[in-house]
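Data from run_17.txt: compact mmCIF, C-alpha atoms and all ligand atoms
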# COMPACT_ATOMS: atom_id res chain seq x y z
CA MET N 245 71.74 128.98 95.09
CA SER N 246 72.30 131.74 92.57
CA ASN N 247 75.43 133.06 94.29
CA GLY N 248 77.21 129.75 93.68
CA ARG N 249 75.98 129.57 90.12
CA LEU N 250 77.18 133.11 89.39
CA LEU N 251 80.56 132.49 90.98
CA ARG N 252 81.00 129.35 88.88
CA GLN N 253 80.11 131.26 85.70
CA LEU N 254 82.41 134.14 86.57
CA ILE N 255 85.42 131.97 87.35
CA LYS N 256 84.86 129.67 84.39
CA HIS N 257 84.89 132.66 82.07
CA GLY N 258 87.76 134.54 83.72
CA ALA N 259 89.98 131.46 83.97
CA GLN N 260 90.19 131.27 80.16
CA TYR N 261 92.43 134.36 80.14
CA GLY N 262 94.59 133.44 83.13
CA ASP N 263 95.08 137.12 84.11
CA LYS N 264 97.30 137.32 87.21
CA GLU N 265 95.09 139.76 89.16
CA PHE N 266 92.02 137.76 88.28
CA MET N 267 93.66 134.54 89.47
CA LYS N 268 94.59 136.18 92.79
CA ALA N 269 91.06 137.49 93.37
CA ALA N 270 89.57 134.12 92.44
CA GLU N 271 91.89 132.31 94.84
CA GLU N 272 90.76 134.68 97.60
CA ILE N 273 87.09 133.91 96.85
CA ILE N 274 87.82 130.18 97.02
CA ARG N 275 89.60 130.61 100.35
CA GLU N 276 86.61 132.49 101.74
CA GLU N 277 84.13 129.88 100.50
CA ARG N 278 86.22 127.18 102.12
CA GLN N 279 86.26 129.11 105.42
CA LYS N 280 82.47 129.24 105.20
CA LYS N 281 82.61 125.42 104.85
CA HIS N 282 81.17 125.56 101.32
CA HIS N 283 83.50 122.74 100.34
CA LEU N 284 81.63 121.57 97.24
CA LEU N 285 81.49 125.07 95.81
CA ALA N 286 85.15 125.74 96.68
CA ASN N 287 86.22 122.49 94.99
CA ASP N 288 84.20 123.27 91.89
CA LEU N 289 85.63 126.78 91.67
CA GLU N 290 89.13 125.44 92.11
CA ARG N 291 88.66 123.02 89.27
CA LEU N 292 87.20 125.70 87.03
CA LEU N 293 90.08 128.01 87.87
CA TYR N 294 92.95 125.60 87.35
CA GLY N 295 91.34 123.72 84.51
CA LYS N 296 90.48 120.06 84.52
CA LEU N 297 92.63 118.03 86.82
CA GLN N 298 95.81 116.67 85.33
CA TYR N 299 94.14 113.35 84.73
CA SER N 300 91.66 113.35 81.88
CA PRO N 301 88.59 111.17 82.25
CA LYS N 302 90.22 108.66 80.01
CA GLN N 303 89.69 104.99 79.85
CA GLN N 304 93.08 103.40 79.80
CA SER N 305 93.43 100.19 77.93
CA HIS N 306 94.27 97.40 80.29
CA GLU N 307 94.87 93.78 80.38
CA ILE N 308 93.64 92.64 83.78
CA PRO N 309 96.30 90.50 85.50
CA THR N 310 95.19 87.06 86.60
CA ASP N 311 96.30 84.44 89.06
CA ARG N 312 98.46 81.83 87.28
CA GLU N 313 97.14 78.93 89.30
CA ARG N 314 93.38 79.53 88.97
CA GLY N 315 93.11 82.16 86.24
CA LEU N 316 91.10 84.49 88.52
CA PRO N 317 91.29 88.24 87.84
CA LEU N 318 93.39 89.91 90.55
CA LEU N 319 91.60 93.21 90.31
CA GLU N 320 88.50 94.87 89.00
CA VAL N 321 88.39 98.19 87.13
CA ARG N 322 85.26 100.26 87.76
CA GLU N 323 83.95 103.45 86.25
CA PRO N 324 82.97 105.59 89.26
CA SER N 325 79.53 107.16 89.20
CA ARG N 326 79.03 108.81 92.60
CA ASP N 327 80.66 112.09 93.63
CA LEU N 328 81.08 114.31 96.70
CA GLN N 329 77.38 115.12 96.81
CA ASP N 330 76.61 111.46 97.43
CA VAL N 331 78.72 110.88 100.51
CA ILE N 332 78.22 112.14 104.05
CA LEU N 333 81.56 112.66 105.72
CA SER N 334 82.64 113.98 109.10
CA ASP N 335 84.17 117.47 109.01
CA GLU N 336 87.63 115.98 109.66
CA ASN N 337 87.36 113.47 106.82
CA LEU N 338 85.93 116.06 104.45
CA SER N 339 88.82 118.39 105.06
CA VAL N 340 91.34 115.60 104.37
CA ILE N 341 89.51 114.67 101.16
CA ASP N 342 89.51 118.33 100.12
CA GLU N 343 93.23 118.48 100.76
CA VAL N 344 93.84 115.32 98.72
CA LEU N 345 91.81 116.70 95.80
CA LEU N 346 93.59 120.03 95.95
CA GLU N 347 97.07 118.47 96.09
CA GLN N 348 96.24 116.01 93.33
CA SER N 349 95.03 118.88 91.16
CA ARG N 350 98.27 120.83 91.71
CA ILE N 351 100.82 118.04 91.31
CA GLU N 352 102.98 120.12 88.98
CA VAL N 353 103.22 123.12 91.31
CA LEU N 354 104.09 120.81 94.20
CA SER N 355 106.70 118.91 92.23
CA SER N 356 108.38 122.14 91.16
CA TYR N 357 109.18 122.50 94.87
CA GLY N 358 110.24 118.86 95.10
CA LEU N 359 107.03 117.95 96.96
CA ARG N 360 104.77 114.94 96.44
CA PRO N 361 101.00 115.18 96.81
CA ILE N 362 99.20 113.08 99.42
CA SER N 363 98.96 109.73 97.69
CA ARG N 364 98.54 106.98 100.29
CA LEU N 365 95.51 106.84 102.54
CA LEU N 366 94.34 104.32 105.11
CA PHE N 367 90.58 104.05 105.72
CA CYS N 368 89.51 102.48 109.03
CA GLY N 369 86.18 101.80 110.68
CA PRO N 370 83.13 99.56 110.94
CA PRO N 371 81.29 98.17 107.89
CA GLY N 372 78.87 100.30 105.89
CA CYS N 373 80.21 103.72 106.88
CA GLY N 374 81.57 104.80 103.50
CA LYS N 375 85.11 103.49 103.02
CA THR N 376 84.50 101.91 99.60
CA LEU N 377 82.11 104.70 98.63
CA THR N 378 84.74 107.35 99.45
CA ALA N 379 87.24 105.54 97.22
CA GLU N 380 84.68 105.74 94.40
CA VAL N 381 84.04 109.43 95.14
CA LEU N 382 87.77 110.22 95.01
CA ALA N 383 88.05 108.44 91.67
CA SER N 384 85.09 110.31 90.32
CA GLU N 385 86.32 113.70 91.55
CA LEU N 386 89.74 113.03 90.01
CA SER N 387 88.21 111.71 86.76
CA LEU N 388 90.02 108.42 87.21
CA GLU N 389 88.97 104.82 87.10
CA LEU N 390 88.66 102.91 90.36
CA VAL N 391 90.70 99.74 90.73
CA ILE N 392 89.57 97.33 93.43
CA VAL N 393 92.21 94.77 94.30
CA ARG N 394 90.64 91.38 94.97
CA PHE N 395 92.42 89.86 97.89
CA ASP N 396 90.64 86.55 97.66
CA ALA N 397 92.29 86.10 94.25
CA VAL N 398 95.64 87.62 95.20
CA VAL N 399 96.19 85.25 98.10
CA SER N 400 96.87 81.98 96.41
CA SER N 401 96.70 78.58 98.04
CA PHE N 402 100.35 78.33 97.02
CA LEU N 403 101.66 81.13 99.13
CA GLY N 404 104.73 81.57 96.93
CA GLU N 405 102.35 82.56 94.18
CA THR N 406 100.93 85.34 96.36
CA ALA N 407 104.07 87.47 96.09
CA ALA N 408 104.00 87.05 92.31
CA ASN N 409 100.34 88.11 92.25
CA LEU N 410 101.08 91.20 94.28
CA ARG N 411 103.89 92.10 91.90
CA LYS N 412 101.44 91.79 88.98
CA VAL N 413 98.99 94.13 90.72
CA PHE N 414 101.66 96.77 91.31
CA ASP N 415 103.01 96.40 87.75
CA PHE N 416 99.48 97.05 86.53
CA LEU N 417 99.26 100.19 88.68
CA GLU N 418 102.63 101.41 87.35
CA ARG N 419 101.26 101.37 83.80
CA GLY N 420 98.41 103.82 84.37
CA THR N 421 96.87 106.33 86.75
CA PHE N 422 94.07 105.09 88.94
CA VAL N 423 92.53 105.32 92.36
CA ALA N 424 93.47 101.87 93.67
CA LEU N 425 91.68 100.40 96.68
CA PHE N 426 93.19 97.51 98.60
CA ASP N 427 89.85 96.70 100.15
CA GLU N 428 89.88 94.94 103.54
CA PHE N 429 93.42 93.91 102.88
CA ASP N 430 93.89 92.49 106.35
CA ALA N 431 90.72 90.37 106.37
CA ILE N 432 92.46 87.29 105.04
CA GLY N 433 95.09 87.38 107.72
CA LYS N 434 92.39 87.55 110.37
CA GLU N 435 90.06 84.89 108.97
CA ARG N 436 92.79 82.31 108.97
CA GLU N 437 94.00 83.21 112.43
CA ASP N 438 93.87 79.64 113.70
CA SER N 439 95.51 77.97 110.77
CA ALA N 440 99.17 77.19 110.42
CA GLU N 441 99.25 79.57 107.48
CA HIS N 442 98.56 82.53 109.70
CA GLY N 443 102.19 83.58 110.10
CA GLU N 444 102.65 83.38 106.37
CA LEU N 445 99.54 85.47 105.77
CA LYS N 446 100.70 88.08 108.21
CA ARG N 447 103.80 88.35 106.06
CA VAL N 448 101.52 88.86 103.03
CA VAL N 449 99.82 91.80 104.76
CA ASN N 450 103.24 93.19 105.57
CA SER N 451 104.52 92.82 102.05
CA VAL N 452 101.42 94.62 100.71
CA LEU N 453 102.20 97.47 103.06
CA GLN N 454 105.82 97.49 102.01
CA MET N 455 104.84 97.59 98.34
CA ILE N 456 102.43 100.45 99.06
CA ASP N 457 105.28 102.22 100.80
CA GLY N 458 107.68 101.71 97.92
CA TYR N 459 105.17 102.62 95.20
CA ARG N 460 106.27 105.70 93.24
CA GLY N 461 103.68 105.72 90.45
CA LYS N 462 100.97 108.31 89.92
CA SER N 463 97.99 106.33 91.22
CA LEU N 464 96.34 107.24 94.49
CA ILE N 465 96.66 104.21 96.77
CA LEU N 466 94.01 103.48 99.39
CA ALA N 467 93.80 100.62 101.85
CA SER N 468 90.74 99.85 103.96
CA THR N 469 90.31 97.83 107.12
CA ASN N 470 87.66 96.94 109.71
CA HIS N 471 90.33 95.71 112.08
CA GLU N 472 92.62 98.66 112.61
CA LYS N 473 93.51 97.41 116.09
CA LEU N 474 95.20 94.39 114.54
CA LEU N 475 97.51 96.54 112.48
CA ASP N 476 100.98 97.10 113.66
CA ARG N 477 101.22 100.74 114.77
CA ALA N 478 104.54 101.11 112.97
CA LEU N 479 102.74 100.44 109.69
CA TRP N 480 100.48 103.45 110.03
CA ARG N 481 103.30 105.83 109.27
CA ARG N 482 103.50 104.36 105.77
CA PHE N 483 100.30 106.27 105.01
CA ASP N 484 100.13 110.02 104.42
CA GLU N 485 96.76 110.20 106.17
CA VAL N 486 94.54 107.87 108.19
CA LEU N 487 90.78 108.47 107.96
CA VAL N 488 88.42 106.99 110.53
CA PHE N 489 84.89 106.28 109.28
CA GLU N 490 82.36 106.06 112.09
CA ARG N 491 78.63 105.56 112.39
CA PRO N 492 76.83 108.86 111.70
CA ASN N 493 76.03 111.37 114.47
CA LEU N 494 72.64 113.12 114.56
CA GLU N 495 73.58 115.89 112.15
CA GLN N 496 75.13 113.39 109.73
CA ILE N 497 72.01 111.17 109.96
CA ARG N 498 69.87 114.16 109.01
CA LYS N 499 72.09 114.97 106.03
CA LEU N 500 72.19 111.31 105.00
CA LEU N 501 68.38 111.09 105.05
CA GLU N 502 68.15 114.24 102.95
CA THR N 503 70.62 112.82 100.45
CA LYS N 504 68.97 109.41 100.22
CA LEU N 505 65.51 110.99 99.93
CA ARG N 506 66.44 113.10 96.91
CA GLY N 507 63.62 112.88 94.39
CA VAL N 508 61.21 111.26 96.91
CA ARG N 509 58.07 113.06 98.16
CA TYR N 510 58.03 112.81 101.91
CA GLU N 511 56.33 114.09 105.05
CA LEU N 512 59.08 113.49 107.57
CA PRO N 513 60.19 115.79 110.42
CA LEU N 514 63.89 115.83 109.51
CA ASP N 515 64.46 118.71 111.94
CA ASP N 516 62.94 116.83 114.86
CA ARG N 517 65.67 115.44 117.11
CA SER N 518 63.62 112.54 118.41
CA PHE N 519 62.76 111.40 114.87
CA ILE N 520 66.45 111.46 113.89
CA ASN N 521 67.48 109.84 117.15
CA GLN N 522 65.81 106.54 116.23
CA PHE N 523 68.59 105.99 113.64
CA LYS N 524 71.40 106.42 116.17
CA GLY N 525 73.76 103.43 116.18
CA PHE N 526 72.92 102.35 112.63
CA SER N 527 75.58 102.54 109.93
CA HIS N 528 75.07 104.67 106.82
CA ALA N 529 74.43 101.51 104.82
CA ASP N 530 71.76 100.34 107.34
CA ILE N 531 70.00 103.71 107.10
CA GLU N 532 70.14 103.55 103.32
CA ARG N 533 68.54 100.10 103.47
CA ILE N 534 65.73 101.44 105.72
CA ILE N 535 65.03 104.24 103.23
CA ILE N 536 65.00 101.89 100.24
CA LYS N 537 62.63 99.55 102.09
CA SER N 538 60.38 102.49 103.01
CA VAL N 539 60.23 103.83 99.49
CA LYS N 540 59.34 100.36 98.17
CA THR N 541 56.47 100.15 100.68
CA MET N 542 55.28 103.62 99.69
CA VAL N 543 55.28 102.69 96.00
CA LEU N 544 53.66 99.29 96.48
CA LYS N 545 50.94 100.71 98.72
CA GLY N 546 50.26 103.45 96.18
CA ARG N 547 51.00 106.24 98.70
CA GLU N 548 51.87 109.68 97.42
CA PHE N 549 54.20 110.61 100.31
CA LEU N 550 56.65 108.79 102.50
CA THR N 551 55.34 109.01 106.07
CA ILE N 552 56.75 108.60 109.58
CA GLU N 553 54.80 105.33 110.07
CA ILE N 554 56.25 103.70 106.95
CA VAL N 555 59.82 104.69 107.88
CA GLU N 556 59.46 103.58 111.51
CA GLU N 557 58.14 100.18 110.47
CA ALA N 558 61.09 99.73 108.07
CA ARG N 559 63.49 100.74 110.85
CA ARG N 560 61.99 98.16 113.23
CA ARG N 561 62.39 95.46 110.59
CA GLU N 562 65.99 96.47 109.91
CA GLU N 563 66.70 96.35 113.65
CA MET N 564 65.31 92.81 113.83
CA ARG N 565 67.39 91.78 110.83
CA LEU N 566 70.56 93.18 112.42
CA ASN N 567 69.77 91.43 115.72
CA LEU N 568 69.38 88.12 113.89
CA ILE N 569 72.67 88.63 112.05
CA SER N 570 74.52 89.46 115.27
CA LYS N 571 73.31 86.17 116.80
CA LEU N 572 74.66 84.08 113.90
N1 LIG N 601 79.11 107.99 104.51
C1 LIG N 601 78.19 107.59 103.63
N2 LIG N 601 77.45 108.51 102.95
C2 LIG N 601 76.50 108.11 102.09
N3 LIG N 601 76.20 106.82 101.82
C3 LIG N 601 76.90 105.88 102.46
C4 LIG N 601 77.94 106.22 103.40
N4 LIG N 601 78.47 105.07 103.88
C5 LIG N 601 77.82 104.06 103.28
N5 LIG N 601 76.88 104.52 102.42
C6 LIG N 601 76.00 103.69 101.58
O1 LIG N 601 76.17 102.33 101.96
C7 LIG N 601 76.81 101.59 100.90
C8 LIG N 601 77.87 100.65 101.49
O2 LIG N 601 78.91 101.41 102.06
P1 LIG N 601 80.46 101.15 101.80
O3 LIG N 601 80.60 100.00 100.87
O4 LIG N 601 81.12 102.41 101.42
O5 LIG N 601 80.90 100.71 103.26
P2 LIG N 601 82.34 100.29 103.79
O6 LIG N 601 82.71 101.25 104.87
O7 LIG N 601 83.27 100.13 102.64
O8 LIG N 601 82.01 98.88 104.46
P3 LIG N 601 82.91 97.54 104.53
O9 LIG N 601 83.80 97.71 105.70
O10 LIG N 601 81.87 96.47 104.76
O11 LIG N 601 83.62 97.37 103.23
C9 LIG N 601 77.41 102.63 99.98
O12 LIG N 601 77.52 102.16 98.64
C10 LIG N 601 76.44 103.79 100.11
O13 LIG N 601 75.33 103.64 99.26
MG MG N 602 84.15 98.43 101.75
Would you mind writing the file out in structure tokens?
Amino acid sequence: MSNGRLLRQLIKHGAQYGDKEFMKAAEEIIREERQKKHHLLANDLERLLYGKLQYSPKQQSHEIPTDRERGLPLLEVREPSRDLQDVILSDENLSVIDEVLLEQSRIEVLSSYGLRPISRLLFCGPPGCGKTLTAEVLASELSLELVIVRFDAVVSSFLGETAANLRKVFDFLERGTFVALFDEFDAIGKEREDSAEHGELKRVVNSVLQMIDGYRGKSLILASTNHEKLLDRALWRRFDEVLVFERPNLEQIRKLLETKLRGVRYELPLDDRSFINQFKGFSHADIERIIIKSVKTMVLKGREFLTIEIVEEARRREEMRLNLISKL
């Protein structure tokens, strides 16, 4: 849309001179765009106006900490590739993410008032609804690397070693600036529910949360869980924000299909409610799988367009697959 392109050009040029009146007018435009829910445009304009975020897209040199007992890496550093255009979020989650990006881009202004930006988030919700993807998107929007903490490696068979492993992870985070995801950090505690180690593992989950609470470095710390009901309510206050990721509603399904069908030639009634309705109850990841399957069929059958029949057949197969999995 040319309006967006022109605004970007205008603000990029004007921002070079940092004129006070210009800055005020530009801030007003950004506020208006945000009110119109043009979040992507508003974020872009903000970044053009205030310059690149504090963090440069640098690759920090790191020595990945390992578990002493087994030599396994305790974390993985990833270069993010997907950004805000690749994730479908609820309005509530999008506005929190916008707030996080804004605060992270204005750390200096905030700290001059003795304020800290939002820096600890808890992601809850069923599998395949975008928790890990949103962590990647945040990293990409902040031009930071994504660190995924590997809990299978952190939790050692010698539980005493676990605390040492956690310390190593936090020491690593102190040395740089990252988006760090403690992915499914409570899964271990749950899986071993029956074993005698359970009490000990619960303490591990607690000490992770305490370390997150005490962390004062610059990294953005995220924790994700599928089992939010198991978490002690008192622990939630350790996080600045809690985001709930749910299966997509009809409007989100439509947007997701549009996003996943980018670059594909299709003849699908994306505005038809009953067509969209057939995806109700699926997670974002399930819907993505249906689209990938459909596109493969289209290509292998030499069809020029993706049709309703191809997509519906892929959806039926995905439904059968999910039914089989749920019976396991
Ligand atoms: N909200 C979303 N918008 C766009 N794509 C999505 C979304 N959620 C999931 N996907 C697609 O499905 C894939 C898997 O999702 P993701 O790993 O983010 O799920 P998750 O919520 O972390 O699940 P789990 O609880 O199993 O870790 C993503 O890499 C992405 O391609
Ligand atoms: Mg995940």
What residues of the protein or nucleic acid chains come within 12 Å of ligand MG 602 (chain N) when you use all atoms listed in the file? Reply as a PDB file with C-alpha atoms, in the frame of the given file.
ATOM      1  CA  PHE N 367      90.580 104.050 105.720  1.00  0.00           C
ATOM      2  CA  CYS N 368      89.510 102.480 109.030  1.00  0.00           C
ATOM      3  CA  GLY N 369      86.180 101.800 110.680  1.00  0.00           C
ATOM      4  CA  PRO N 370      83.130  99.560 110.940  1.00  0.00           C
ATOM      5  CA  PRO N 371      81.290  98.170 107.890  1.00  0.00           C
ATOM      6  CA  GLY N 372      78.870 100.300 105.890  1.00  0.00           C
ATOM      7  CA  CYS N 373      80.210 103.720 106.880  1.00  0.00           C
ATOM      8  CA  GLY N 374      81.570 104.800 103.500  1.00  0.00           C
ATOM      9  CA  LYS N 375      85.110 103.490 103.020  1.00  0.00           C
ATOM     10  CA  THR N 376      84.500 101.910  99.600  1.00  0.00           C
ATOM     11  CA  LEU N 377      82.110 104.700  98.630  1.00  0.00           C
ATOM     12  CA  THR N 378      84.740 107.350  99.450  1.00  0.00           C
ATOM     13  CA  ALA N 379      87.240 105.540  97.220  1.00  0.00           C
ATOM     14  CA  GLU N 380      84.680 105.740  94.400  1.00  0.00           C
ATOM     15  CA  ILE N 392      89.570  97.330  93.430  1.00  0.00           C
ATOM     16  CA  VAL N 393      92.210  94.770  94.300  1.00  0.00           C
ATOM     17  CA  ARG N 394      90.640  91.380  94.970  1.00  0.00           C
ATOM     18  CA  LEU N 425      91.680 100.400  96.680  1.00  0.00           C
ATOM     19  CA  PHE N 426      93.190  97.510  98.600  1.00  0.00           C
ATOM     20  CA  ASP N 427      89.850  96.700 100.150  1.00  0.00           C
ATOM     21  CA  GLU N 428      89.880  94.940 103.540  1.00  0.00           C
ATOM     22  CA  PHE N 429      93.420  93.910 102.880  1.00  0.00           C
ATOM     23  CA  ALA N 431      90.720  90.370 106.370  1.00  0.00           C
ATOM     24  CA  LEU N 466      94.010 103.480  99.390  1.00  0.00           C
ATOM     25  CA  ALA N 467      93.800 100.620 101.850  1.00  0.00           C
ATOM     26  CA  SER N 468      90.740  99.850 103.960  1.00  0.00           C
ATOM     27  CA  THR N 469      90.310  97.830 107.120  1.00  0.00           C
ATOM     28  CA  ASN N 470      87.660  96.940 109.710  1.00  0.00           C
ATOM     29  CA  PHE N 489      84.890 106.280 109.280  1.00  0.00           C
ATOM     30  CA  ALA N 529      74.430 101.510 104.820  1.00  0.00           C
TER      31      ALA N 529
END
Expected answer as a list in words: all residues with atoms within 8 Å of (52.0, 112.8, 99.1), all atoms listed in the file: Arg509, Tyr510, Glu511, Arg547, Glu548, Phe549 and Leu550 of chain N
Grab the residues selected above and save them as an mmCIF file, keeping the file's coordinate frame with C-alpha atoms.
data_model
loop_
_atom_site.group_PDB
_atom_site.id
_atom_site.type_symbol
_atom_site.label_atom_id
_atom_site.label_comp_id
_atom_site.auth_asym_id
_atom_site.auth_seq_id
_atom_site.Cartn_x
_atom_site.Cartn_y
_atom_site.Cartn_z
ATOM 1 C CA ARG N 509 58.070 113.060 98.160
ATOM 2 C CA TYR N 510 58.030 112.810 101.910
ATOM 3 C CA GLU N 511 56.330 114.090 105.050
ATOM 4 C CA ARG N 547 51.000 106.240 98.700
ATOM 5 C CA GLU N 548 51.870 109.680 97.420
ATOM 6 C CA PHE N 549 54.200 110.610 100.310
ATOM 7 C CA LEU N 550 56.650 108.790 102.500
#
Shell of 12 Å around region 264-280 of chain N, only C-alpha atoms, local chain residues under 4 positions omitted, as a ChimeraX atom specification: /N:247-248,251-260,284-294,338-339,342-343,346
Protein/DNA/RNA residues near (91.7, 93.7, 81.8), cut 12 Å, all atoms listed in the file, as a list in words: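 Here the neighbourhood of the point contains Gln303, Gln304, Ser305, His306, Glu307, Ile308, Pro309, Thr310, Leu316, Pro317, Leu318, Leu319, Glu320, Val321, Arg322, Val391, Val413 and Phe416 of chain N.
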Atomic separation - CA of Lys499 (chain N) relative to CA of Arg249 (chain N), Å: 21.9 Å
Draw an axis-aligned box tight on the listed atoms of ligand LIG 601 (chain N), then pad every side by 3 Å and write out centre and edge lengths in Å to one decimal as JSON.
{"center_x": 79.6, "center_y": 102.5, "center_z": 102.2, "size_x": 14.5, "size_y": 18.0, "size_z": 13.1}
Atom pair CA of Lys504 (chain N) / CA of Val555 (chain N): separation (Å):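 Interatomic distance, CA of Lys504 (chain N) to CA of Val555 (chain N): 12.8 Å.
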Selected residue, from N:Leu250, N:Val381, N:Leu512, N:Leu494, that lies nearest to ligand LIG 601 (chain N) when counting all atoms listed in the file: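 Once distances to ligand LIG 601 (chain N) are computed over all atoms listed in the file, the minimum belongs to N:Val381.
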Interatomic distance (Å, one decimal) between atom O2 of ligand LIG 601 (chain N) and CA of Val344 (chain N):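 So the two atoms, atom O2 of ligand LIG 601 (chain N) and CA of Val344 (chain N), lie 20.7 Å apart.
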Closest of N:Ile569, N:Ile341, N:Leu328, N:Leu365 to ligand LIG 601 (chain N) - atom-to-atom distances counting all atoms listed in the file: N:Leu328
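Of the listed residues N:Ser400, N:Ser363, N:Gln496, N:Asn450, the one whose atoms come nearest to Lys462 (chain N) is N:Ser363, with distances taken using all atoms listed in the file.
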Counting only C-alpha atoms, the option among N:His282, N:Lys545, N:Gln329, N:Ser334 closest to Thr503 (chain N): N:Gln329
Counting all atoms listed in the file, the residue of N:Arg482, N:Lys281, N:Arg517, N:His528 that sits nearest ligand LIG 601 (chain N):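 Closest to ligand LIG 601 (chain N) of all the choices is N:His528.
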Minimum-distance residue to ligand LIG 601 (chain N), chosen among N:Asp516, N:Asp327, N:Glu532, N:Asp430 (using all atoms listed in the file):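 Smallest distance to ligand LIG 601 (chain N) is found for N:Glu532.
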